[in-house]
Structure formats: C-alpha cells, structure tokens
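**Q** Quick one: this structure, given as structure tokens, is what I'll be asking you about.
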Amino acid sequence: MAVASAAPLLAMNGAVKMATNSQVYLEGTKVKETKSLIAELCRHFYNQGWVSGTGGSITIKVNDDSIPKPQQLIVMSPSGVQKERMVEEDMYVLSSNGCVLSAPLAKPYPYKSPKCSDCAPLFLKAYEMRNAGAVIHSHGMESCIVTMLNPLLKEFRITHMEMIKGIQGHGYYDELVVPIIENTAHERELTESLTEAIKAYPKTTAVLVRNHGIYVWGDSWISAKTQRCVVLDIEGTTTPISFVIDVLFPYARDNVGRHLDATYDSAETQEDIKLLRAQVQEDLENGVVGAVPIPSDDAGKEEVIAALVTNVEAMIKADRKITALKELQGHIWQTGFQNNELEAVVFDDVPEALERWTALGLKVYIYSSGSRLAQRLIFGYTNYGDLRKYLCGFFDTTVGNKRETKSYTEITASLGVDNPSEILFVTDVYQEAIAAKAAGLEVIISVRPGNGPLPENHGFRTITSFSEI
C-alpha cells in the first residue's frame, strides 16, 4: 500500500502525539478498524439493495478522541469496485482537507486501476459544513422514486409516518423535509448545488438527487440519520429575566383592557375568555388571592372586561405559570411585536450557538411556560433578527408543568428519541432541572445576570454562556 511520508509530531493536550499522516498512524488500529467497517457496511448495504454494483459510496471519519473532530482522518470507499466484494485494502485515507494520504495498490485484470470515490467533493462538503462523522451515498430505488413523483418539486415532505421516528428529533406528527437537487452527468458537478441545498436547509441531514439517489450524513455511521436534541428554556436561559419582567409583563398588564375591548368578538379572544373563566372559577374554589368572579355575558362587555382585567393583573403580579394567562399574554404581545412596539432580547451568545448547533445537525426546541405563540414571537422578533429558522419546535404548559417529571417524559415521547439521555435540557430553574433529570434527560443549569441563586451542592453542571456547550 502506498503511504504518505511521515509528518512532524503534534503537541496535543500537553502530550506529544504522533501526526495522523505518519506511516505508523495510517497503519494503526483505528484506521484499520474504520477501513474494515466500511467494507462490512458496503457488503451489508449491497444485500439490502441500498447500493448496487459499483454504485453508491460510504465515508467515515477515524474516531480518535485525542484529535479534534474537524482534523480527524477520513476513510473513503473507492470508485469502480463491486460493493459486495469490497475489502479494507480497497479503501482510501484522506486528510481532513481532502488530500489523499493512503491509496490502494493496483490489482491485476479484470480489476480497474484504483480511483477514489467520485463523491469525494460532496462528502467533503458535508464534513466541512455539517461537521459530520460519516456520510453515505445510496442509489436506493426508493430515494429515486420519491424524486420522480413530481418533477417540479424542489423538496420532499412527509409526516404522520411511523418510520420518521427513527430520525432523531422527529416524532410521528412532525414533518420531515429533504431538499431535492437536479442530477448532472458527473458526480462532482453536483457539489455546488448540494452546497446550496445545505445552506438553504440548515436543519436537513440529507439531500436527494433527482433520478439518482441520496446523500445522508450524521455524527457517526450509526447516526447517519439521527442527531441529539437540545431543549432550551427562555427566561434566564436565552433571554434576560429583566426583559420578561420589565418589558413583556408590563406591556401585557397595561394593554389587557385595550386588547380585550378591540378584539372582544373575535373567536380567538372568546377562546381566551373561556380559558380565563375556567381558571378563575377554579381559583375562587381554592381561595386564590386576587381572584374575583367574572360576570356572565348578560352583564355586558364592559363589566366582563373589567373583571377579566382585575384577574389578569393579579395573575401577572403573582407570576403564575398557567395556560389561560399565557395564551392571552401571547395574543397581546403579538400585537406589540407586529406594531414594532416590542423587540425581544436574547443574550449575545445565543444566535451563534443556535447556528452552530444547527450546522452540526442538532435539533433545537424551546420549552417555556409562555405559550407557543409567545415563544415564536420572542424568537421571531429579536435584536438579532428572526431566529426561528434554527428551531424545530416549541413546547408550552399544555404538555405539563415545567416542574413535573411527567412533562419531560411527554417531551421525550414527542421527540421520538430512543433514550431520554439523548436530550439536553438547559434551564435556569433548579426545580425544573430536578424534574428533567428524573425523566432521564441530560441537564445543564444556565447562570445568567439577574438569575436567582442556586442551592449549595446542587449537583448540576452550570454554564454562563452557550459557547460552553
């Protein structure tokens, strides 16, 4: 086997490590295991009908915890070799920037001269733009057929399909969206359009090629279609508590009467009033301070609104995390954001982290006591612009109280993950952290300016910036 000359030693983590392009490393166990794995997967994929003959290709990064992932070596299957006859000696080894470090030796007739996969430029883009650990290119019949159903469509969408639960971050009710690019005469000519598709669809982990096949990537060959999920709180985590307390709450409180009067007869407001009536009745039965009876509609609009305002002001003052209040607040804030009377504030590290996580293929969700409408407004009208393109979904108190374990169990079921530990939850509230941990989630507590104190020896990892995650 032809091997590149030895390179200098690299200093990593205070210890001297042999350069990855040295002969010793290239012939070492980690590289050999990766080569053998690709040969095994090629045979398996052939038997499954996902690749045929010499078509399709697989590439995997050499997993070495001592080397930063972007600098890890790349093992790639060759072009022109029958997939069912692939062996580890057929593999190419490339540097992280695509330079061939190790190539297979030529075989006698009828074998063709060794050639690295024609997919190499596209694989490298997935590694570069998504920090992938593995990329698979398949000519499977199904991936071709879906691109032929409608020649004008530029994306494939599917929902209410059991199998999409296997794609981490997707549940049965979620919608999976995969971009479609047009085929070209030569594989390398797809590089530009694949690059544009990855940019245009920051959440996608695959790109379909019409009448050709699919490119799919992930953190490892096992997760070439699955990613870890991140669930974020808002107040005290992505957004200063002061913005919520000093801006949002006063705006809602000061505009309750105006909003109810202007929208009283709308179906939306009538539904809000229905929820408030039920909540106030429960509060009166439980002796909640500040609750006053709401008269029937027969008493007239003004009397009903006056009672609603009194109750809502009391709820806001007590900072109650109840659906009836949050729904009304969301509708009041919607008017404020749309009229440019409000602009949401997020911490400076949040936009960069959301972009970085999305580029890595992570699915990011929001779980807040505020309504889903309010959450979308906060991230849609921020001091950094519209950040909703980085978010996959929103959870509110309709899934349960944030301090109850069953709420996080419900979220786990909705996200379709196999294990709740695949979900990272970030919050500033100790009681929420306890509940999420009890449900099996990984938890980090956000320590931001203005946040409340934490108990001593609380046992959770803390961060002051998303850059630490």
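Scheme for the structure tokens: letters A, B, ... for chains in order shown; per-chain residue numbers from 1; ligand numbers from 1 in order shown.
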Env of A:Glu355: 12 Å cut, atoms = only C-alpha atoms, seq-sep filter 3 positions within chain, self excluded. Answer as an MDAnalysis selection string.
**A** chainID A and resid 129:130 199 201:203 349:352 358:364 387:391 466:467
**Q** For the residues in the current selection, export C-alpha atoms as a short mmCIF file (atom, residue, chain, number, x, y, z; two decimals), in the first residue's frame.
**A**
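The resulting file, selection-v5.cif, is shown below:
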data_model
loop_
_atom_site.label_atom_id
_atom_site.label_comp_id
_atom_site.auth_asym_id
_atom_site.auth_seq_id
_atom_site.Cartn_x
_atom_site.Cartn_y
_atom_site.Cartn_z
CA MET A 129 -20.49 22.35 6.57
CA ARG A 130 -22.11 19.90 8.99
CA LYS A 199 -27.14 26.31 3.19
CA TYR A 201 -31.96 23.87 4.63
CA PRO A 202 -29.88 24.24 7.82
CA LYS A 203 -31.88 21.53 9.61
CA ASP A 349 -24.04 34.11 22.60
CA VAL A 350 -27.43 32.66 21.66
CA PRO A 351 -27.59 33.31 17.87
CA GLU A 352 -24.09 31.96 17.28
CA THR A 358 -27.92 23.55 13.57
CA ALA A 359 -24.82 23.22 11.39
CA LEU A 360 -23.85 20.19 13.48
CA GLY A 361 -27.24 18.63 12.79
CA LEU A 362 -28.65 19.07 16.30
CA LYS A 363 -32.38 19.60 16.68
CA VAL A 364 -33.18 22.59 18.90
CA LEU A 387 -34.01 33.14 14.82
CA ARG A 388 -36.90 30.73 14.22
CA LYS A 389 -35.08 29.12 11.29
CA TYR A 390 -32.83 27.41 13.84
CA LEU A 391 -35.69 25.98 15.91
CA PHE A 466 -23.92 28.77 25.36
CA SER A 467 -20.38 28.83 23.96
#
**Q** Compile the contact shell of A:Tyr381 as a ChimeraX atom specification: residues with an atom at most 6 Å away, counting only C-alpha atoms, same-chain residues fewer than 4 positions apart removed.
**A** /A:343-344,377,385-386
**Q** Write a file of the selected residues as an mmCIF file, in the first residue's frame, keeping N, CA, C and O atoms.
**A**
data_model
loop_
_atom_site.group_PDB
_atom_site.id
_atom_site.type_symbol
_atom_site.label_atom_id
_atom_site.label_comp_id
_atom_site.auth_asym_id
_atom_site.auth_seq_id
_atom_site.Cartn_x
_atom_site.Cartn_y
_atom_site.Cartn_z
ATOM 1 N N GLU A 343 -39.503 44.549 20.925
ATOM 2 C CA GLU A 343 -38.416 43.814 20.279
ATOM 3 C C GLU A 343 -37.791 42.914 21.347
ATOM 4 O O GLU A 343 -37.378 43.385 22.403
ATOM 5 N N ALA A 344 -37.735 41.620 21.061
ATOM 6 C CA ALA A 344 -37.217 40.661 22.035
ATOM 7 C C ALA A 344 -35.699 40.782 22.153
ATOM 8 O O ALA A 344 -35.012 41.155 21.198
ATOM 9 N N LEU A 377 -42.967 34.428 18.801
ATOM 10 C CA LEU A 377 -42.808 35.885 18.697
ATOM 11 C C LEU A 377 -41.453 36.322 19.243
ATOM 12 O O LEU A 377 -40.758 37.151 18.634
ATOM 13 N N GLY A 385 -32.607 39.671 14.854
ATOM 14 C CA GLY A 385 -33.447 39.263 13.728
ATOM 15 C C GLY A 385 -34.247 38.011 14.039
ATOM 16 O O GLY A 385 -34.423 37.618 15.193
ATOM 17 N N ASP A 386 -34.738 37.368 13.000
ATOM 18 C CA ASP A 386 -35.590 36.183 13.126
ATOM 19 C C ASP A 386 -34.723 34.942 13.323
ATOM 20 O O ASP A 386 -33.977 34.534 12.426
#
**Q** Neighbours of stretch 109-115 of chain A within 10 Å (only C-alpha atoms; same-chain residues fewer than 2 positions away dropped), as a PyMOL selection string?
**A** chain A and resi 77-82+90-92+103-107+117-118
**Q** Mind pulling up the distance from atom CA of A:Gln270 to atom CA of A:Arg258?
**A** 14.8 Å
**Q** Using only C-alpha atoms, which protein or nucleic acid residues come within 10 Å of stretch 140-153 of chain A? Drop anything in the same chain fewer than 2 positions from it, and give the result as a ChimeraX atom specification.
**A** /A:45-46,48-52,55-56,137-138,155-157,179-182,208-215
**Q** Using C-alpha atoms, can you write the selected residues to a file as a compact mmCIF listing (two decimals), in the first residue's frame?
**A**
# COMPACT_ATOMS: atom_id res chain seq x y z
CA PHE A 45 -25.85 -2.21 2.03
CA TYR A 46 -25.48 -4.28 -1.14
CA GLN A 48 -30.18 -4.57 1.44
CA GLY A 49 -30.38 -3.12 -2.08
CA TRP A 50 -29.20 0.32 -0.93
CA VAL A 51 -26.16 0.15 -3.21
CA SER A 52 -25.65 -1.96 -6.31
CA GLY A 55 -22.76 2.50 -7.37
CA GLY A 56 -23.03 4.36 -4.08
CA HIS A 137 -24.42 7.94 -0.71
CA SER A 138 -27.09 5.48 -1.81
CA GLU A 155 -38.17 19.20 -1.73
CA PHE A 156 -39.69 16.03 -0.33
CA ARG A 157 -42.02 16.41 2.65
CA PRO A 179 -34.28 19.14 -0.38
CA ILE A 180 -34.07 17.78 -3.94
CA ILE A 181 -31.34 18.86 -6.36
CA GLU A 182 -31.13 18.08 -10.08
CA LEU A 208 -31.96 13.90 -2.57
CA VAL A 209 -30.62 13.90 -6.14
CA ARG A 210 -33.37 13.53 -8.74
CA ASN A 211 -33.26 10.27 -10.71
CA HIS A 212 -30.05 9.37 -8.89
CA GLY A 213 -30.15 8.76 -5.12
CA ILE A 214 -29.47 10.41 -1.79
CA TYR A 215 -26.63 11.81 0.33
**Q** Quick one: DSSP strand (DSSP E or B) residues in stretch 191-276 of chain A, as a PyMOL selection string?
**A** chain A and resi 206-209+213-218+229-232+235+239
**Q** Would you mind telling me which residue in A:Val93, A:Leu325, A:Val443, A:Leu73 lies nearest to A:Ala252 when using only C-alpha atoms?
**A** A:Leu325
**Q** Which residues are near A:Thr405? Cut-off 10 Å, only C-alpha atoms, ignore same chain within fewer than 6 positions. Put them as a list in words.
**A**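 My reading of the contact set: Glu432, Ala433, Ile434, Ala435, Ala436, Lys437, Ala438, Ala439 and Gly440 of chain A.
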**Q** Take the selection from the previous step and output its residues with C-alpha atoms, as an mmCIF file, in the first residue's frame.
**A**
data_model
loop_
_atom_site.group_PDB
_atom_site.id
_atom_site.type_symbol
_atom_site.label_atom_id
_atom_site.label_comp_id
_atom_site.auth_asym_id
_atom_site.auth_seq_id
_atom_site.Cartn_x
_atom_site.Cartn_y
_atom_site.Cartn_z
ATOM 1 C CA GLU A 432 -37.074 22.247 36.526
ATOM 2 C CA ALA A 433 -33.603 20.714 36.391
ATOM 3 C CA ILE A 434 -34.600 18.181 39.060
ATOM 4 C CA ALA A 435 -37.773 17.225 37.170
ATOM 5 C CA ALA A 436 -35.963 16.838 33.845
ATOM 6 C CA LYS A 437 -33.183 14.769 35.399
ATOM 7 C CA ALA A 438 -35.754 12.461 36.985
ATOM 8 C CA ALA A 439 -37.148 11.862 33.487
ATOM 9 C CA GLY A 440 -33.689 10.808 32.299
#
**Q** Using only C-alpha atoms for the distances, tell me which of A:Val24, A:Leu190, A:Ala374, A:Val256 is nearest to A:Trp333.
**A**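 When distances to A:Trp333 are compared using only C-alpha atoms, the smallest one comes from A:Ala374.
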**Q** Apply DSSP to the structure's backbone, then extract all residues of stretch 193-412 of chain A labelled helix (DSSP H, G or I) and return them as a PyMOL selection string.
**A** chain A and resi 193-200+241-263+267-286+297-299+301-317+323-338+349-359+372-380+388-390+397-399+405-412
**Q** Of the residues A:Ile234, A:Ala278, A:Ile38, A:Leu122, which is the one nearest to A:Phe379, using only C-alpha atoms?
**A**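 Smallest separation from A:Phe379 among the options: A:Ile234.
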**Q** Mind pulling up the distance from atom CA of A:Val288 to atom CA of A:Thr263?
**A**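 So the two atoms, atom CA of A:Thr263 and atom CA of A:Val288, lie 27.8 Å apart.
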**Q** If we count only C-alpha atoms, what is near A:Pro240 at a cut-off of 12 Å, once residues fewer than 3 positions away on the same chain are taken out, given as a list of chain:residue names?
**A** A:Asp233, A:Ile234, A:Glu235, A:Gly236, A:Thr237, A:Phe243, A:Val244, A:Ile245, A:Asp246, A:Val247, A:Leu248, A:Ala344, A:Val345, A:Val346, A:Phe347, A:Asp348, A:Val350, A:Ile378, A:Asp428, A:Ser446, A:Val447, A:Arg448, A:Pro449, A:Gly450, A:Asn451, A:Gly452
**Q** Between atom CA of A:Phe460 and atom CA of A:Gln431, what distance in Å does the model show, to one decimal?
**A**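 According to the coordinates, atom CA of A:Phe460 and atom CA of A:Gln431 are separated by 11.6 Å.
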